[in-house]
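Text of data.cif (mmCIF, C-alpha atoms) as supplied:
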data_query
loop_
_atom_site.label_atom_id
_atom_site.label_comp_id
_atom_site.auth_asym_id
_atom_site.auth_seq_id
_atom_site.Cartn_x
_atom_site.Cartn_y
_atom_site.Cartn_z
CA MET A 1 -97.98 79.19 28.57
CA THR A 2 -94.24 79.36 29.14
CA THR A 3 -91.66 78.49 26.53
CA THR A 4 -90.76 75.33 28.47
CA GLU A 5 -94.25 73.83 28.18
CA LYS A 6 -94.85 71.36 25.39
CA HIS A 7 -97.08 72.78 22.68
CA ASP A 8 -98.96 70.92 19.97
CA TYR A 9 -97.71 71.94 16.50
CA ASN A 10 -101.18 71.39 15.03
CA ILE A 11 -102.60 73.96 17.45
CA THR A 12 -99.86 76.42 16.55
CA GLY A 13 -100.58 75.98 12.84
CA ALA A 14 -104.33 76.30 13.30
CA SER A 15 -103.95 79.42 15.42
CA GLY A 16 -101.90 81.04 12.66
CA GLU A 17 -104.63 80.28 10.13
CA PHE A 18 -107.28 81.74 12.43
CA PHE A 19 -105.18 84.88 13.02
CA VAL A 20 -104.82 85.35 9.24
CA ALA A 21 -108.58 84.92 8.71
CA ALA A 22 -109.34 87.32 11.57
CA GLU A 23 -106.89 89.94 10.28
CA LEU A 24 -108.45 89.80 6.83
CA SER A 25 -111.98 89.90 8.24
CA ARG A 26 -111.01 92.95 10.29
CA ARG A 27 -110.07 94.58 6.98
CA ASN A 28 -113.49 93.78 5.46
CA ILE A 29 -112.30 90.78 3.43
CA ILE A 30 -114.17 87.48 3.36
CA ALA A 31 -111.75 84.85 4.60
CA THR A 32 -112.46 81.18 4.96
CA LEU A 33 -110.26 78.35 6.13
CA THR A 34 -110.02 75.33 3.87
CA ILE A 35 -110.63 71.84 5.16
CA LYS A 36 -107.61 70.18 6.72
CA ASN A 37 -105.07 68.59 4.40
CA THR A 38 -106.03 70.81 1.46
CA PRO A 39 -102.77 71.01 -0.45
CA GLN A 40 -101.09 74.43 -0.70
CA ILE A 41 -104.05 76.56 0.43
CA ASP A 42 -105.06 77.19 4.04
CA VAL A 43 -107.13 80.36 3.65
CA ILE A 44 -109.10 81.70 0.70
CA ALA A 45 -109.66 85.45 0.83
CA THR A 46 -112.11 87.40 -1.34
CA SER A 47 -112.92 91.07 -1.62
CA LEU A 48 -116.54 92.07 -2.14
CA LYS A 49 -115.26 95.52 -3.13
CA ASN A 50 -113.22 94.51 -6.20
CA GLY A 51 -113.97 90.80 -6.68
CA MET A 52 -110.32 89.82 -6.32
CA SER A 53 -109.31 86.72 -4.41
CA ALA A 54 -106.10 85.37 -2.95
CA ASN A 55 -105.04 81.84 -2.03
CA LEU A 56 -102.94 81.77 1.12
CA GLN A 57 -100.65 79.14 2.51
CA VAL A 58 -99.96 79.87 6.18
CA LYS A 59 -96.74 79.02 7.99
CA THR A 60 -96.80 79.69 11.73
CA LYS A 61 -93.93 80.13 14.17
CA ALA A 62 -94.56 79.91 17.91
CA GLU A 63 -93.03 82.10 20.61
CA ARG A 64 -90.61 79.39 21.73
CA ASN A 65 -89.12 79.19 18.22
CA LYS A 66 -86.23 81.65 18.10
CA GLN A 67 -84.72 80.16 14.92
CA GLY A 68 -87.23 81.33 12.32
CA TRP A 69 -89.34 79.14 10.07
CA LYS A 70 -87.91 75.74 9.24
CA LEU A 71 -89.14 74.64 5.81
CA ASN A 72 -88.37 71.92 3.29
CA SER A 73 -87.21 72.03 -0.31
CA LYS A 74 -90.79 71.96 -1.65
CA ILE A 75 -90.85 75.65 -0.79
CA ASP A 76 -88.48 76.23 -3.76
CA ILE A 77 -91.06 74.99 -6.30
CA PRO A 78 -92.98 77.80 -8.02
CA SER A 79 -96.76 77.61 -7.78
CA GLU A 80 -99.15 77.36 -10.70
CA ILE A 81 -102.01 78.61 -8.49
CA LYS A 82 -103.20 82.10 -9.39
CA ASN A 83 -102.74 84.76 -6.67
CA HIS A 84 -100.93 82.35 -4.39
CA PHE A 85 -99.18 83.77 -1.33
CA TYR A 86 -97.33 82.59 1.73
CA VAL A 87 -98.31 84.22 4.99
CA PHE A 88 -95.65 83.66 7.62
CA VAL A 89 -97.23 84.23 11.05
CA ASP A 90 -94.99 84.99 14.00
CA LEU A 91 -96.66 84.30 17.36
CA HIS A 92 -93.71 86.02 19.05
CA ASP A 93 -95.56 87.08 22.19
CA PRO A 94 -98.77 85.51 23.56
CA LYS A 95 -99.82 88.92 24.92
CA ALA A 96 -99.44 90.72 21.58
CA LEU A 97 -100.84 90.42 18.09
CA PRO A 98 -98.79 88.34 15.66
CA GLU A 99 -96.51 89.76 13.05
CA TYR A 100 -97.09 88.73 9.44
CA TYR A 101 -94.96 88.41 6.32
CA ILE A 102 -97.17 88.24 3.22
CA ILE A 103 -95.06 87.11 0.27
CA PRO A 104 -96.11 86.04 -3.23
CA ASN A 105 -95.44 82.31 -3.51
CA ASN A 106 -93.25 82.47 -6.60
CA ILE A 107 -91.16 85.35 -5.25
CA PHE A 108 -90.49 83.37 -2.08
CA ALA A 109 -89.75 80.17 -4.06
CA ASN A 110 -87.17 82.04 -6.12
CA PHE A 111 -85.67 83.67 -3.01
CA SER A 112 -85.42 80.35 -1.18
CA GLU A 113 -83.88 78.51 -4.11
CA LYS A 114 -81.23 81.22 -4.67
CA LYS A 115 -80.47 81.38 -0.97
CA HIS A 116 -79.95 77.61 -0.84
CA LYS A 117 -77.69 77.64 -3.93
CA THR A 118 -75.62 80.41 -2.35
CA TRP A 119 -75.34 78.41 0.88
CA LEU A 120 -74.17 75.36 -1.09
CA SER A 121 -71.51 77.43 -2.85
CA ILE A 122 -69.75 78.51 0.34
CA THR A 123 -67.88 76.49 2.90
CA GLY A 124 -69.13 75.83 6.40
CA ARG A 125 -67.53 76.94 9.66
CA ASP A 126 -65.41 73.80 9.60
CA GLY A 127 -63.99 74.72 6.17
CA LYS A 128 -65.83 71.89 4.43
CA GLU A 129 -68.35 72.22 1.62
CA HIS A 130 -72.00 72.21 2.62
CA LYS A 131 -73.86 69.05 1.68
CA ASP A 132 -77.14 69.39 -0.15
CA ASN A 133 -80.23 68.67 1.92
CA SER A 134 -83.93 69.46 1.96
CA VAL A 135 -83.80 71.93 4.86
CA ARG A 136 -84.69 75.54 4.15
CA ASN A 137 -85.29 78.38 6.58
CA PHE A 138 -86.68 81.87 6.72
CA LYS A 139 -85.21 84.27 9.29
CA PRO A 140 -86.69 87.74 8.72
CA TYR A 141 -85.13 89.26 11.84
CA THR A 142 -81.55 88.36 10.99
CA ASN A 143 -80.26 86.69 7.82
CA ASP A 144 -83.26 87.52 5.61
CA LYS A 145 -84.14 90.97 6.95
CA ALA A 146 -83.28 92.86 3.73
CA PHE A 147 -85.59 90.62 1.71
CA ALA A 148 -88.38 90.33 4.28
CA GLU A 149 -88.87 93.89 5.46
CA LYS A 150 -91.02 95.04 2.51
CA TYR A 151 -93.42 92.13 3.17
CA ARG A 152 -93.80 92.68 6.92
CA ASN A 153 -97.49 93.30 7.71
CA ASN A 154 -97.97 94.30 4.05
CA TRP A 155 -101.56 93.14 3.50
CA GLU A 156 -101.87 95.53 0.54
CA ILE A 157 -99.77 93.14 -1.56
CA LEU A 158 -102.82 90.87 -1.82
CA SER A 159 -104.62 93.49 -4.02
CA LEU A 160 -107.87 92.86 -2.16
CA PHE A 161 -108.41 96.35 -0.73
#

Could you write out this structure as structure tokens?
Amino acid sequence: MTTTEKHDYNITGASGEFFVAAELSRRNIIATLTIKNTPQIDVIATSLKNGMSANLQVKTKAERNKQGWKLNSKIDIPSEIKNHFYVFVDLHDPKALPEYYIIPNNIFANFSEKKHKTWLSITGRDGKEHKDNSVRNFKPYTNDKAFAEKYRNNWEILSLF
């Protein structure tokens, strides 16, 4: 598929969930996808070795998306779910394996909220104040690289191995 072809966002999201489950299974972790529309959890992962489990919310970015992940302000809300993580899946190249950013939910919520407050506190390119909105983003290759690098392909953070 070329970047000019229309792509179904549901397929992109589902493929990210399957890639996460496959990557965990490859590492000898039981991974199961939740039923569609399950709030906040897309994959449940469990280790038979240590009995630990992790609840994963998957966010997938397709090859054609060069802007990073576009999110909404709900991402700033800390989770009350135990062992809750975001897994950002980058389908950057259809001929290569994805890249993953595995980030504890509450760490990412705090990061996103602080980033948005900082953005609100500075003026835009036109010299005017930024107006509050619900748009958030995650750009691990540019703006957010310093934060994101320690989470890139870091499956160990799940404490399942």

Protein/DNA/RNA residues near (-108.6, 98.2, -2.0), cut 10 Å, all atoms listed in the file, as number ranges by chain: A: 27-29, 47, 49-50, 52, 156, 158-161

Any chance you could export the current selection's C-alpha atoms as a PDB file, in the coordinates of the input?
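Wrote selection36.pdb, looks like this:
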ATOM      1  CA  ARG A  27    -110.070  94.580   6.980  1.00  0.00           C
ATOM      2  CA  ASN A  28    -113.490  93.780   5.460  1.00  0.00           C
ATOM      3  CA  ILE A  29    -112.300  90.780   3.430  1.00  0.00           C
ATOM      4  CA  SER A  47    -112.920  91.070  -1.620  1.00  0.00           C
ATOM      5  CA  LYS A  49    -115.260  95.520  -3.130  1.00  0.00           C
ATOM      6  CA  ASN A  50    -113.220  94.510  -6.200  1.00  0.00           C
ATOM      7  CA  MET A  52    -110.320  89.820  -6.320  1.00  0.00           C
ATOM      8  CA  GLU A 156    -101.870  95.530   0.540  1.00  0.00           C
ATOM      9  CA  LEU A 158    -102.820  90.870  -1.820  1.00  0.00           C
ATOM     10  CA  SER A 159    -104.620  93.490  -4.020  1.00  0.00           C
ATOM     11  CA  LEU A 160    -107.870  92.860  -2.160  1.00  0.00           C
ATOM     12  CA  PHE A 161    -108.410  96.350  -0.730  1.00  0.00           C
TER      13      PHE A 161
END

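The shortest atom-to-atom distance to A:Ser73, with all atoms listed in the file taken into account, belongs to A:Asn110 out of A:Thr142, A:Thr123, A:Asn110, A:Thr12.
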
Which polymer residues, protein or nucleic acid, are no farther than 10 Å from (-107.9, 76.1, 5.3), counting all atoms listed in the file, as a compact mmCIF listing (two decimals) with C-alpha atoms, in the coordinates of the input?
# COMPACT_ATOMS: atom_id res chain seq x y z
CA ALA A 14 -104.33 76.30 13.30
CA GLU A 17 -104.63 80.28 10.13
CA PHE A 18 -107.28 81.74 12.43
CA ALA A 21 -108.58 84.92 8.71
CA ALA A 31 -111.75 84.85 4.60
CA THR A 32 -112.46 81.18 4.96
CA LEU A 33 -110.26 78.35 6.13
CA THR A 34 -110.02 75.33 3.87
CA ILE A 35 -110.63 71.84 5.16
CA LYS A 36 -107.61 70.18 6.72
CA ASN A 37 -105.07 68.59 4.40
CA THR A 38 -106.03 70.81 1.46
CA PRO A 39 -102.77 71.01 -0.45
CA GLN A 40 -101.09 74.43 -0.70
CA ILE A 41 -104.05 76.56 0.43
CA ASP A 42 -105.06 77.19 4.04
CA VAL A 43 -107.13 80.36 3.65
CA ILE A 44 -109.10 81.70 0.70
CA ASN A 55 -105.04 81.84 -2.03
CA LEU A 56 -102.94 81.77 1.12
CA GLN A 57 -100.65 79.14 2.51
CA VAL A 58 -99.96 79.87 6.18

Reference answer for the PyMOL selection byres ((chain A and resi 80-96) around 10), as a ChimeraX atom specification: /A:1-2,12-13,15-17,19-20,40-44,52-66,68-69,75,77-79,97-109,138,140,151-153,155,157-159

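Interatomic distance, atom CA of A:Thr46 to atom CA of A:Ser25: 9.9 Å.
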
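Of the residues under consideration (A:Trp119, A:Leu24, A:Ile30, A:Lys128), A:Leu24 shows the shortest atom-to-atom contact distance to A:Asn154 when counting only C-alpha atoms.
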
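Residues matched by the PyMOL selection byres ((chain A and resi 134) around 8) in this file: A:Asn72, A:Ser73, A:Asp132, A:Asn133, A:Val135, A:Arg136.
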
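Of the listed residues (A:Tyr9, A:Asp76, A:Arg125, A:Ala45), A:Asp76 comes nearest to A:Ser112; the distances count all atoms listed in the file.
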
Atom CA of A:Asn10 to atom CA of A:Glu113, straight-line distance in Å: 26.8 Å

Atom CA of A:Tyr141 to atom CA of A:Lys115, straight-line distance in Å: 15.7 Å
